[in-house]
$ cat run.csv   # CSV, C-alpha atoms
chain,number,residue,atom,x,y,z
A,28,MET,CA,159.7,-49.1,43.1
A,29,SER,CA,159.6,-52.5,44.9
A,30,VAL,CA,159.4,-52.7,48.7
A,31,GLN,CA,160.2,-55.3,51.3
A,32,VAL,CA,157.9,-55.9,54.3
A,33,THR,CA,159.7,-56.6,57.5
A,34,PRO,CA,158.7,-56.7,61.2
A,35,ALA,CA,159.0,-53.3,63.0
A,36,SER,CA,160.1,-52.9,66.6
A,37,LEU,CA,158.2,-51.1,69.2
A,38,ASP,CA,160.7,-48.3,69.1
A,39,GLU,CA,161.3,-48.2,65.3
A,40,PRO,CA,163.3,-45.0,64.4
A,41,GLY,CA,161.5,-42.6,62.2
A,42,TRP,CA,158.1,-44.2,62.6
A,43,ASP,CA,156.3,-41.0,63.9
A,44,ASP,CA,158.2,-38.7,61.6
A,45,PHE,CA,157.0,-40.8,58.7
A,46,ILE,CA,153.3,-40.9,59.6
A,47,ARG,CA,153.2,-37.1,60.4
A,48,GLY,CA,154.1,-36.6,56.7
A,49,ARG,CA,151.3,-38.8,55.5
A,50,PRO,CA,147.8,-37.2,55.0
A,51,GLU,CA,146.0,-40.5,55.6
A,52,ALA,CA,147.7,-41.1,58.9
A,53,THR,CA,145.7,-40.8,62.2
A,54,TYR,CA,146.3,-40.7,65.9
A,55,ALA,CA,146.0,-44.5,65.9
A,56,HIS,CA,149.2,-44.8,63.9
A,57,LEU,CA,151.4,-43.2,66.5
A,58,ALA,CA,154.2,-45.5,67.8
A,59,ALA,CA,153.2,-45.0,71.4
A,60,TRP,CA,150.1,-47.1,71.0
A,61,GLY,CA,152.4,-50.2,71.0
A,62,ARG,CA,153.5,-49.3,74.5
A,63,VAL,CA,150.0,-48.6,75.6
A,64,PHE,CA,148.7,-52.0,74.5
A,65,THR,CA,151.6,-54.1,75.7
A,66,GLU,CA,152.0,-52.4,79.1
A,67,SER,CA,148.3,-51.8,80.1
A,68,MET,CA,146.6,-54.7,78.4
A,69,GLY,CA,149.3,-57.4,77.9
A,70,HIS,CA,148.6,-57.7,74.2
A,71,SER,CA,151.4,-58.4,71.7
A,72,TRP,CA,152.8,-56.0,69.1
A,73,HIS,CA,153.3,-57.2,65.5
A,74,GLY,CA,153.9,-54.0,63.6
A,75,LEU,CA,155.2,-54.1,60.0
A,76,GLN,CA,157.2,-51.7,57.8
A,77,ALA,CA,157.7,-51.5,54.1
A,78,LEU,CA,161.3,-50.6,53.1
A,79,GLY,CA,162.6,-49.5,49.8
A,80,GLU,CA,166.2,-48.8,48.7
A,81,ASP,CA,165.8,-45.2,49.8
A,82,GLY,CA,164.2,-45.9,53.2
A,83,LEU,CA,160.8,-46.2,54.8
A,84,HIS,CA,157.8,-46.3,52.4
A,85,GLY,CA,155.0,-47.5,54.7
A,86,VAL,CA,154.0,-48.7,58.2
A,87,LEU,CA,151.3,-50.8,59.7
A,88,PRO,CA,150.7,-51.1,63.4
A,89,LEU,CA,149.2,-54.4,64.4
A,90,ILE,CA,148.1,-55.7,67.8
A,91,ARG,CA,147.1,-59.3,68.6
A,92,VAL,CA,144.1,-59.6,71.0
A,93,LYS,CA,143.7,-63.3,72.1
A,94,SER,CA,141.5,-65.0,74.6
A,95,ARG,CA,139.8,-68.4,75.0
A,96,LEU,CA,136.5,-66.7,75.7
A,97,PHE,CA,136.2,-64.2,72.8
A,98,GLY,CA,138.6,-65.4,70.2
A,99,ASP,CA,141.9,-64.5,68.5
A,100,TYR,CA,142.3,-61.3,66.5
A,101,LEU,CA,145.0,-59.4,64.7
A,102,VAL,CA,143.8,-55.8,64.5
A,103,SER,CA,145.0,-52.3,63.4
A,104,MET,CA,144.0,-50.9,65.8
A,105,PRO,CA,141.9,-52.6,68.5
A,106,PHE,CA,139.6,-50.6,70.8
A,107,ILE,CA,139.9,-47.5,68.6
A,108,ASN,CA,138.6,-46.5,65.3
A,109,TYR,CA,141.5,-46.2,62.9
A,110,GLY,CA,144.6,-48.0,61.8
A,111,GLY,CA,145.5,-49.9,58.6
A,112,PRO,CA,148.6,-49.4,56.4
A,113,VAL,CA,150.0,-45.9,55.8
A,114,GLY,CA,152.3,-45.0,52.9
A,115,SER,CA,152.6,-45.1,49.1
A,116,GLU,CA,150.0,-47.3,47.3
A,117,PRO,CA,152.6,-50.1,46.6
A,118,ALA,CA,153.6,-50.0,50.2
A,119,ARG,CA,150.0,-50.1,51.5
A,120,ALA,CA,149.3,-53.1,49.3
A,121,ALA,CA,152.4,-54.9,50.3
A,122,LEU,CA,151.7,-54.3,54.0
A,123,ALA,CA,148.1,-55.5,53.7
A,124,ASN,CA,149.4,-58.7,52.0
A,125,GLY,CA,152.1,-59.0,54.8
A,126,ALA,CA,149.4,-58.7,57.4
A,127,ARG,CA,147.3,-61.4,55.8
A,128,ASP,CA,150.2,-63.7,55.6
A,129,LEU,CA,151.0,-63.1,59.2
A,130,ALA,CA,147.4,-63.7,60.2
A,131,ARG,CA,147.4,-67.0,58.3
A,132,GLU,CA,150.7,-68.0,60.0
A,133,MET,CA,149.3,-67.1,63.5
A,134,ARG,CA,146.0,-68.9,62.7
A,135,VAL,CA,143.9,-66.0,64.1
A,136,ASP,CA,140.2,-65.9,63.8
A,137,LEU,CA,140.1,-62.5,62.0
A,138,LEU,CA,142.5,-59.9,60.6
A,139,GLU,CA,140.9,-56.5,60.7
A,140,LEU,CA,142.6,-53.3,59.3
A,141,ARG,CA,140.6,-50.3,60.4
A,142,ASN,CA,141.4,-48.1,57.4
A,143,ARG,CA,140.2,-44.5,57.0
A,144,ALA,CA,140.9,-44.6,53.3
A,145,PRO,CA,139.7,-47.6,51.1
A,146,LEU,CA,142.3,-50.3,50.6
A,147,GLU,CA,142.5,-52.0,47.2
A,148,GLY,CA,143.3,-55.7,47.1
A,149,ASP,CA,141.9,-59.1,48.0
A,150,LEU,CA,140.8,-58.3,51.6
A,151,VAL,CA,137.1,-58.1,52.2
A,152,ARG,CA,135.7,-54.7,52.9
A,153,SER,CA,133.4,-54.2,56.0
A,154,ASP,CA,131.1,-51.1,56.2
A,155,ARG,CA,129.5,-52.0,59.5
A,156,LYS,CA,130.6,-48.8,61.2
A,157,ILE,CA,130.7,-45.1,60.1
A,158,THR,CA,131.7,-41.9,61.8
A,159,VAL,CA,130.4,-38.4,61.6
A,160,VAL,CA,132.6,-35.4,61.0
A,161,LEU,CA,132.0,-31.7,61.3
A,162,GLU,CA,134.1,-29.0,59.7
A,163,LEU,CA,134.8,-26.3,62.3
A,164,PRO,CA,134.7,-22.6,61.7
A,165,ALA,CA,137.4,-20.3,63.0
A,166,ASP,CA,135.2,-18.9,65.7
A,167,ALA,CA,133.1,-20.6,68.4
A,168,GLY,CA,130.4,-17.9,67.9
A,169,ASP,CA,130.0,-18.9,64.2
A,170,LEU,CA,129.8,-22.5,65.4
A,171,TRP,CA,127.0,-21.6,67.9
A,172,ASP,CA,125.1,-19.7,65.2
A,173,ALA,CA,125.2,-22.7,62.9
A,174,LEU,CA,123.5,-25.0,65.4
A,175,LYS,CA,119.8,-25.7,65.2
A,176,ALA,CA,117.7,-23.8,67.8
A,177,LYS,CA,116.7,-27.1,69.5
A,178,VAL,CA,120.4,-28.0,70.0
A,179,ARG,CA,121.2,-24.6,71.4
A,180,SER,CA,118.3,-24.9,73.8
A,181,GLN,CA,119.6,-28.3,75.0
A,182,ILE,CA,123.0,-26.9,75.6
A,183,ARG,CA,121.6,-24.0,77.6
A,184,ARG,CA,119.7,-26.4,79.9
A,185,PRO,CA,122.8,-27.7,81.8
A,186,MET,CA,124.3,-24.3,81.8
A,187,LYS,CA,121.2,-23.0,83.6
A,188,GLU,CA,121.5,-25.8,86.1
A,189,GLY,CA,125.0,-24.5,87.0
A,190,MET,CA,127.0,-27.4,85.5
A,191,THR,CA,130.7,-26.7,85.1
A,192,VAL,CA,133.2,-28.0,82.6
A,193,ALA,CA,136.9,-28.8,83.1
A,194,PHE,CA,139.7,-30.0,80.8
A,195,GLY,CA,142.9,-31.8,81.5
A,196,GLY,CA,144.6,-35.0,82.5
A,197,GLU,CA,144.0,-34.4,86.2
A,198,HIS,CA,140.3,-35.2,85.5
A,199,LEU,CA,141.0,-38.7,84.2
A,200,GLY,CA,139.7,-40.3,87.4
A,201,ALA,CA,136.4,-38.3,87.2
A,202,PHE,CA,136.0,-39.3,83.5
A,203,TYR,CA,136.6,-42.9,84.3
A,204,GLU,CA,134.1,-42.8,87.2
A,205,VAL,CA,131.3,-41.7,84.8
A,206,PHE,CA,132.6,-44.0,82.0
A,207,ALA,CA,132.6,-47.1,84.1
A,208,ARG,CA,129.1,-46.6,85.4
A,209,ASN,CA,127.7,-45.8,82.0
A,210,MET,CA,129.3,-48.9,80.5
A,211,ARG,CA,127.7,-51.0,83.2
A,212,ASP,CA,124.3,-49.4,82.5
A,213,LEU,CA,124.8,-50.3,78.8
A,214,GLY,CA,125.6,-53.9,79.7
A,215,THR,CA,129.2,-53.6,78.4
A,216,PRO,CA,132.4,-54.5,80.2
A,217,VAL,CA,134.5,-51.4,80.8
A,218,LEU,CA,138.1,-50.9,79.6
A,219,PRO,CA,140.7,-51.0,82.4
A,220,GLN,CA,141.5,-47.7,84.1
A,221,ARG,CA,145.2,-48.5,83.6
A,222,PHE,CA,144.6,-48.3,79.9
A,223,PHE,CA,143.6,-44.7,80.2
A,224,GLU,CA,146.4,-44.0,82.6
A,225,ALA,CA,148.8,-45.4,79.9
A,226,LEU,CA,147.3,-43.1,77.4
A,227,ALA,CA,147.9,-40.1,79.7
A,228,HIS,CA,151.5,-41.2,80.1
A,229,HIS,CA,152.4,-42.2,76.5
A,230,LEU,CA,150.1,-39.9,74.5
A,231,ALA,CA,149.8,-36.8,76.7
A,232,ASP,CA,150.4,-34.4,73.8
A,233,HIS,CA,147.5,-35.8,71.9
A,234,LEU,CA,145.0,-36.8,74.7
A,235,VAL,CA,142.0,-34.6,75.6
A,236,ILE,CA,140.0,-35.2,78.7
A,237,CYS,CA,136.8,-33.3,79.5
A,238,VAL,CA,134.5,-33.6,82.5
A,239,VAL,CA,131.1,-32.0,83.2
A,240,ARG,CA,130.1,-31.6,86.9
A,241,HIS,CA,126.8,-30.9,88.6
A,242,GLN,CA,127.0,-29.7,92.1
A,243,GLY,CA,130.6,-31.0,92.3
A,244,ARG,CA,129.7,-34.5,91.0
A,245,PRO,CA,131.0,-35.8,87.7
A,246,VAL,CA,128.0,-36.4,85.5
A,247,ALA,CA,129.5,-36.5,82.0
A,248,GLY,CA,132.9,-37.1,80.5
A,249,GLY,CA,134.8,-37.5,77.3
A,250,CYS,CA,138.2,-38.7,76.1
A,251,GLY,CA,139.6,-38.2,72.7
A,252,PHE,CA,142.7,-37.3,70.6
A,253,VAL,CA,144.0,-34.4,68.6
A,254,PHE,CA,146.1,-35.2,65.5
A,255,GLY,CA,146.6,-33.4,62.2
A,256,GLY,CA,144.1,-30.6,62.7
A,257,GLU,CA,141.4,-32.9,63.9
A,258,ILE,CA,139.9,-33.8,67.3
A,259,GLU,CA,138.1,-37.2,67.7
A,260,LEU,CA,135.9,-37.8,70.7
A,261,THR,CA,136.6,-41.5,71.1
A,262,TRP,CA,134.8,-42.2,74.3
A,263,ALA,CA,131.9,-40.2,75.8
A,264,SER,CA,129.5,-41.0,78.6
A,265,SER,CA,126.9,-39.4,80.9
A,266,LEU,CA,125.0,-40.7,83.9
A,267,ARG,CA,121.5,-41.8,83.3
A,268,ASP,CA,120.0,-40.3,86.4
A,269,VAL,CA,120.8,-36.7,85.2
A,270,ASN,CA,120.4,-37.3,81.4
A,271,ARG,CA,117.2,-35.2,81.6
A,272,LEU,CA,119.4,-32.2,82.3
A,273,ALA,CA,121.4,-32.9,79.1
A,274,PRO,CA,125.0,-32.9,80.5
A,275,ASN,CA,126.1,-34.7,77.4
A,276,MET,CA,125.0,-31.7,75.2
A,277,LEU,CA,127.3,-29.4,77.3
A,278,LEU,CA,130.1,-32.0,77.0
A,279,TYR,CA,130.0,-32.0,73.2
A,280,TRP,CA,129.6,-28.3,72.9
A,281,SER,CA,132.5,-27.6,75.2
A,282,LEU,CA,134.7,-29.9,73.3
A,283,MET,CA,133.8,-28.3,70.0
A,284,ALA,CA,134.3,-24.8,71.4
A,285,GLU,CA,137.7,-26.0,72.8
A,286,ALA,CA,138.6,-27.3,69.3
A,287,THR,CA,137.9,-24.0,67.7
A,288,GLU,CA,140.0,-22.2,70.4
A,289,ARG,CA,142.9,-24.6,69.4
A,290,GLY,CA,142.5,-23.7,65.8
A,291,LEU,CA,141.5,-27.2,64.7
A,292,ASP,CA,139.7,-27.9,61.5
A,293,VAL,CA,137.5,-30.9,62.1
A,294,PHE,CA,135.5,-32.4,65.0
A,295,ASN,CA,135.2,-36.2,64.6
A,296,PHE,CA,132.3,-37.7,66.6
A,297,GLY,CA,133.8,-41.2,66.6
A,298,ARG,CA,132.4,-44.5,65.2
A,299,CYS,CA,128.8,-45.6,65.5
A,300,THR,CA,126.4,-48.0,63.8
A,301,PRO,CA,124.6,-46.6,60.8
A,302,GLY,CA,121.0,-45.6,61.5
A,303,GLY,CA,121.3,-46.2,65.3
A,304,GLY,CA,120.4,-43.7,68.1
A,305,THR,CA,124.0,-42.7,68.6
A,306,HIS,CA,124.3,-42.0,64.8
A,307,ARG,CA,121.2,-39.7,64.9
A,308,PHE,CA,122.5,-37.9,68.0
A,309,LYS,CA,125.8,-37.1,66.2
A,310,LEU,CA,124.1,-35.9,63.0
A,311,GLN,CA,122.0,-33.3,64.9
A,312,TRP,CA,125.2,-31.2,65.3
A,313,GLY,CA,125.3,-30.6,61.5
A,314,GLY,CA,128.1,-33.0,60.6
A,315,ARG,CA,128.2,-35.5,57.7
A,316,ASP,CA,128.7,-39.2,57.5
A,317,GLU,CA,132.1,-40.5,56.7
A,318,PRO,CA,132.5,-44.2,55.8
A,319,LEU,CA,134.9,-46.4,57.7
A,320,PRO,CA,136.1,-48.8,55.0
A,321,TRP,CA,137.7,-51.5,57.2
A,322,SER,CA,139.4,-54.5,55.5
A,323,GLN,CA,139.2,-58.0,56.8
A,324,TRP,CA,140.5,-61.5,56.2
A,325,SER,CA,139.4,-64.8,57.9
A,326,SER,CA,140.1,-68.4,57.1
A,327,THR,CA,137.0,-69.5,59.0
A,328,GLY,CA,134.4,-66.9,57.9
A,329,VAL,CA,134.5,-64.7,61.0
A,330,ALA,CA,132.9,-61.4,60.0
A,331,ALA,CA,133.5,-59.1,63.0
A,332,THR,CA,135.1,-58.8,66.3
A,333,PRO,CA,132.8,-59.5,69.3
A,334,SER,CA,130.0,-56.9,69.9
A,335,PRO,CA,127.5,-56.5,72.7
A,336,ASP,CA,125.0,-55.5,70.0
A,337,SER,CA,124.9,-59.0,68.6
A,338,ALA,CA,122.2,-61.5,69.5
A,339,LYS,CA,124.9,-63.9,70.8
A,340,TYR,CA,125.6,-61.6,73.8
A,341,ARG,CA,122.1,-60.2,74.4
A,342,LEU,CA,121.4,-62.3,77.5
A,343,ALA,CA,124.8,-61.5,78.9
A,344,VAL,CA,124.1,-57.8,78.4
A,345,GLY,CA,120.9,-58.0,80.4
A,346,VAL,CA,122.6,-59.8,83.2
A,347,TRP,CA,125.6,-57.4,83.3
A,348,GLN,CA,123.3,-54.4,83.6
A,349,ARG,CA,121.9,-55.8,86.8
A,350,LEU,CA,125.2,-56.4,88.5
A,351,PRO,CA,126.5,-54.1,91.3
A,352,LEU,CA,129.0,-51.5,90.0
A,353,ALA,CA,131.7,-52.8,92.3
A,354,VAL,CA,131.5,-56.2,90.6
A,355,THR,CA,131.4,-54.9,87.0
A,356,ASN,CA,134.4,-52.5,87.8
A,357,ARG,CA,136.4,-55.5,89.0
A,358,VAL,CA,135.4,-58.1,86.4
A,359,GLY,CA,134.7,-55.8,83.4
A,360,PRO,CA,138.3,-54.8,82.7
A,361,VAL,CA,139.4,-58.4,82.6
A,362,LEU,CA,136.8,-59.1,79.9
A,363,ALA,CA,137.0,-55.8,78.0
A,364,ARG,CA,140.7,-56.2,77.3
A,365,SER,CA,139.8,-59.2,75.0
A,366,ILE,CA,137.0,-57.4,73.1
A,367,PRO,CA,138.7,-55.3,70.4

$ encode --input "run.csv" --output "structure tokens"
Amino acid sequence: MSVQVTPASLDEPGWDDFIRGRPEATYAHLAAWGRVFTESMGHSWHGLQALGEDGLHGVLPLIRVKSRLFGDYLVSMPFINYGGPVGSEPARAALANGARDLAREMRVDLLELRNRAPLEGDLVRSDRKITVVLELPADAGDLWDALKAKVRSQIRRPMKEGMTVAFGGEHLGAFYEVFARNMRDLGTPVLPQRFFEALAHHLADHLVICVVRHQGRPVAGGCGFVFGGEIELTWASSLRDVNRLAPNMLLYWSLMAEATERGLDVFNFGRCTPGGGTHRFKLQWGGRDEPLPWSQWSSTGVAATPSPDSAKYRLAVGVWQRLPLAVTNRVGPVLARSIP
């Protein structure tokens, strides 16, 4: 059956009902993301839909992230790990072609579709990122028993130090406090706090916030999403001055235990670079690699969105790490909103 690709409004009727019926859909495809990006970041929405004679056959959320400093990108979806077209195979192909035509019309530097499933067609596949996923047992005790002895020992360490764990949106400020400091220490501009506040407003039913405290002080925090039987830990941070006490181990374990309590099937550790230290950290929990087969198009040969890991930004990273936190917290969000 032929389909026609047309623009989709921010409040397209039936969008979320459609994606909840598609196994390849993710939290990143929820309609509320359009509001999150337009309201908290000022980015523009360019979602597409594939329509047949009998109704909706596919959807593709698209956000344009444009700045003079970092470039012009059309991404599904920026700042998070998934996106790309959802629907029947003909609809997915038509939506990908529609996105390419739109990117060409806009003259963006790069179109990037962050697919979870491979996308056939003429777009170039990028495998620069992967994720790690862990199938969860029904009981947290079984999950504990499956961990390596070294991992269990590292989890016990912060427990013995009296660290506490709390869940809920009311801990968003504490999470952001840890997150902002950790991003400065890594030499990376931090996302605006208003972005996370918009998540708490528009995606409250899917958002998970977890904070670890030591002697009342937030020392580790995580923020992620629940969708379709899976939890993804999208952002996680801990403070360097207490890393020897392993609060990050308690953070991950607590989120996994919470996921089993909720009856979820999969713990998704979020994207990382293959072979890097973060990748090795995630594998120690017993999960498996899952490719992220993103699709791209560029008329000028741009191969990726900006990354602090690239040699181009190495000097800037070193300078950023030495700046006072008050400065990076003020300037960082202005820069980070343009690095998808």

$ residues_around --input "run.csv" --residues "Leu163 in chain A" --least-positions-apart "6" --cutoff "10 Å" --atoms "all atoms listed in the file" --output "PyMOL selection string"
chain A and resi 169-170+257+283-284+286-287+290-294+314

$ closest_residue --input "run.csv" --among "A:Trp347, A:Trp324, A:Tyr54, A:Phe97" --to "Ala123 in chain A" --atoms "only C-alpha atoms"
A:Trp324

$ residues_around --input "run.csv" --residues "Leu350 in chain A" --least-positions-apart "3" --cutoff "12 Å" --atoms "only C-alpha atoms" --output "MDAnalysis selection string"
chainID A and resid 208 210:216 343:347 353:359

$ atom_distance --input "run.csv" --atom1 "CA of Arg315 in chain A" --atom2 "CA of Gln181 in chain A"
20.6 Å

$ closest_residue --input "run.csv" --among "A:His233, A:Arg179, A:Arg119, A:Arg131" --to "Leu83 in chain A" --atoms "only C-alpha atoms"
A:Arg119

$ residues_around --input "run.csv" --residues "Ile157 in chain A" --least-positions-apart "5" --cutoff "9 Å" --atoms "all atoms listed in the file" --output "PDB file with C-alpha atoms, keeping the file's coordinate frame"
ATOM      1  CA  GLY A 297     133.800 -41.200  66.600  1.00  0.00           C
ATOM      2  CA  ARG A 298     132.400 -44.500  65.200  1.00  0.00           C
ATOM      3  CA  CYS A 299     128.800 -45.600  65.500  1.00  0.00           C
ATOM      4  CA  THR A 300     126.400 -48.000  63.800  1.00  0.00           C
ATOM      5  CA  PRO A 301     124.600 -46.600  60.800  1.00  0.00           C
ATOM      6  CA  HIS A 306     124.300 -42.000  64.800  1.00  0.00           C
ATOM      7  CA  ASP A 316     128.700 -39.200  57.500  1.00  0.00           C
ATOM      8  CA  GLU A 317     132.100 -40.500  56.700  1.00  0.00           C
ATOM      9  CA  PRO A 318     132.500 -44.200  55.800  1.00  0.00           C
ATOM     10  CA  LEU A 319     134.900 -46.400  57.700  1.00  0.00           C
ATOM     11  CA  PRO A 320     136.100 -48.800  55.000  1.00  0.00           C
TER      12      PRO A 320
END

$ closest_residue --input "run.csv" --among "A:Asn108, A:Thr53, A:Ser94, A:Gln323" --to "Ser365 in chain A" --atoms "all atoms listed in the file"
A:Ser94

$ residues_near_point --input "run.csv" --point "(139.8, -51.9, 79.7)" --cutoff "10 Å" --atoms "only C-alpha atoms" --output "list in words"
Ser67, Met68, Phe106, Ala207, Pro216, Val217, Leu218, Pro219, Gln220, Arg221, Phe222, Phe223, Asn356, Gly359, Pro360, Val361, Leu362, Ala363, Arg364, Ser365, Ile366 and Pro367 of chain A

$ residues_near_point --input "run.csv" --point "(145.4, -33.7, 83.3)" --cutoff "12 Å" --atoms "only C-alpha atoms" --output "PyMOL selection string"
chain A and resi 193-202+223-224+226-228+230-238+250

$ write_last_selection --input "run.csv" --atoms "C-alpha atoms" --output "mmCIF file, keeping the file's coordinate frame"
data_model
loop_
_atom_site.group_PDB
_atom_site.id
_atom_site.type_symbol
_atom_site.label_atom_id
_atom_site.label_comp_id
_atom_site.auth_asym_id
_atom_site.auth_seq_id
_atom_site.Cartn_x
_atom_site.Cartn_y
_atom_site.Cartn_z
ATOM 1 C CA ALA A 193 136.900 -28.800 83.100
ATOM 2 C CA PHE A 194 139.700 -30.000 80.800
ATOM 3 C CA GLY A 195 142.900 -31.800 81.500
ATOM 4 C CA GLY A 196 144.600 -35.000 82.500
ATOM 5 C CA GLU A 197 144.000 -34.400 86.200
ATOM 6 C CA HIS A 198 140.300 -35.200 85.500
ATOM 7 C CA LEU A 199 141.000 -38.700 84.200
ATOM 8 C CA GLY A 200 139.700 -40.300 87.400
ATOM 9 C CA ALA A 201 136.400 -38.300 87.200
ATOM 10 C CA PHE A 202 136.000 -39.300 83.500
ATOM 11 C CA PHE A 223 143.600 -44.700 80.200
ATOM 12 C CA GLU A 224 146.400 -44.000 82.600
ATOM 13 C CA LEU A 226 147.300 -43.100 77.400
ATOM 14 C CA ALA A 227 147.900 -40.100 79.700
ATOM 15 C CA HIS A 228 151.500 -41.200 80.100
ATOM 16 C CA LEU A 230 150.100 -39.900 74.500
ATOM 17 C CA ALA A 231 149.800 -36.800 76.700
ATOM 18 C CA ASP A 232 150.400 -34.400 73.800
ATOM 19 C CA HIS A 233 147.500 -35.800 71.900
ATOM 20 C CA LEU A 234 145.000 -36.800 74.700
ATOM 21 C CA VAL A 235 142.000 -34.600 75.600
ATOM 22 C CA ILE A 236 140.000 -35.200 78.700
ATOM 23 C CA CYS A 237 136.800 -33.300 79.500
ATOM 24 C CA VAL A 238 134.500 -33.600 82.500
ATOM 25 C CA CYS A 250 138.200 -38.700 76.100
#

$ build_atoms --input "run.csv" --residues "range 243-259 of chain A" --atoms "N, CA and C atoms" --output "mmCIF file, in the coordinates of the input"
data_model
loop_
_atom_site.group_PDB
_atom_site.id
_atom_site.type_symbol
_atom_site.label_atom_id
_atom_site.label_comp_id
_atom_site.auth_asym_id
_atom_site.auth_seq_id
_atom_site.Cartn_x
_atom_site.Cartn_y
_atom_site.Cartn_z
ATOM 1 N N GLY A 243 129.285 -30.364 91.899
ATOM 2 C CA GLY A 243 130.600 -31.000 92.300
ATOM 3 C C GLY A 243 130.708 -32.434 91.854
ATOM 4 N N ARG A 244 129.650 -33.045 91.407
ATOM 5 C CA ARG A 244 129.700 -34.500 91.000
ATOM 6 C C ARG A 244 129.907 -34.651 89.546
ATOM 7 N N PRO A 245 130.839 -35.510 89.137
ATOM 8 C CA PRO A 245 131.000 -35.800 87.700
ATOM 9 C C PRO A 245 129.789 -36.447 87.118
ATOM 10 N N VAL A 246 129.219 -35.876 86.070
ATOM 11 C CA VAL A 246 128.000 -36.400 85.500
ATOM 12 C C VAL A 246 128.166 -36.739 83.982
ATOM 13 N N ALA A 247 129.228 -36.240 83.362
ATOM 14 C CA ALA A 247 129.500 -36.500 82.000
ATOM 15 C C ALA A 247 131.000 -36.403 81.729
ATOM 16 N N GLY A 248 131.512 -37.198 80.802
ATOM 17 C CA GLY A 248 132.900 -37.100 80.500
ATOM 18 C C GLY A 248 133.265 -37.608 79.135
ATOM 19 N N GLY A 249 134.337 -37.070 78.594
ATOM 20 C CA GLY A 249 134.800 -37.500 77.300
ATOM 21 C C GLY A 249 136.286 -37.596 77.212
ATOM 22 N N CYS A 250 136.755 -38.485 76.354
ATOM 23 C CA CYS A 250 138.200 -38.700 76.100
ATOM 24 C C CYS A 250 138.416 -38.885 74.656
ATOM 25 N N GLY A 251 139.367 -38.138 74.119
ATOM 26 C CA GLY A 251 139.600 -38.200 72.700
ATOM 27 C C GLY A 251 141.053 -37.799 72.374
ATOM 28 N N PHE A 252 141.312 -37.592 71.076
ATOM 29 C CA PHE A 252 142.700 -37.300 70.600
ATOM 30 C C PHE A 252 142.695 -36.224 69.580
ATOM 31 N N VAL A 253 143.790 -35.455 69.624
ATOM 32 C CA VAL A 253 144.000 -34.400 68.600
ATOM 33 C C VAL A 253 145.210 -34.853 67.769
ATOM 34 N N PHE A 254 145.004 -34.779 66.460
ATOM 35 C CA PHE A 254 146.100 -35.200 65.500
ATOM 36 C C PHE A 254 145.762 -34.542 64.167
ATOM 37 N N GLY A 255 146.748 -33.887 63.583
ATOM 38 C CA GLY A 255 146.600 -33.400 62.200
ATOM 39 C C GLY A 255 145.452 -32.450 61.974
ATOM 40 N N GLY A 256 145.188 -31.544 62.894
ATOM 41 C CA GLY A 256 144.100 -30.600 62.700
ATOM 42 C C GLY A 256 142.727 -31.096 63.027
ATOM 43 N N GLU A 257 142.643 -32.278 63.605
ATOM 44 C CA GLU A 257 141.400 -32.900 63.900
ATOM 45 C C GLU A 257 141.319 -33.343 65.366
ATOM 46 N N ILE A 258 140.144 -33.249 65.968
ATOM 47 C CA ILE A 258 139.900 -33.800 67.300
ATOM 48 C C ILE A 258 138.861 -34.916 67.129
ATOM 49 N N GLU A 259 139.122 -36.095 67.688
ATOM 50 C CA GLU A 259 138.100 -37.200 67.700
ATOM 51 C C GLU A 259 137.702 -37.402 69.146
#
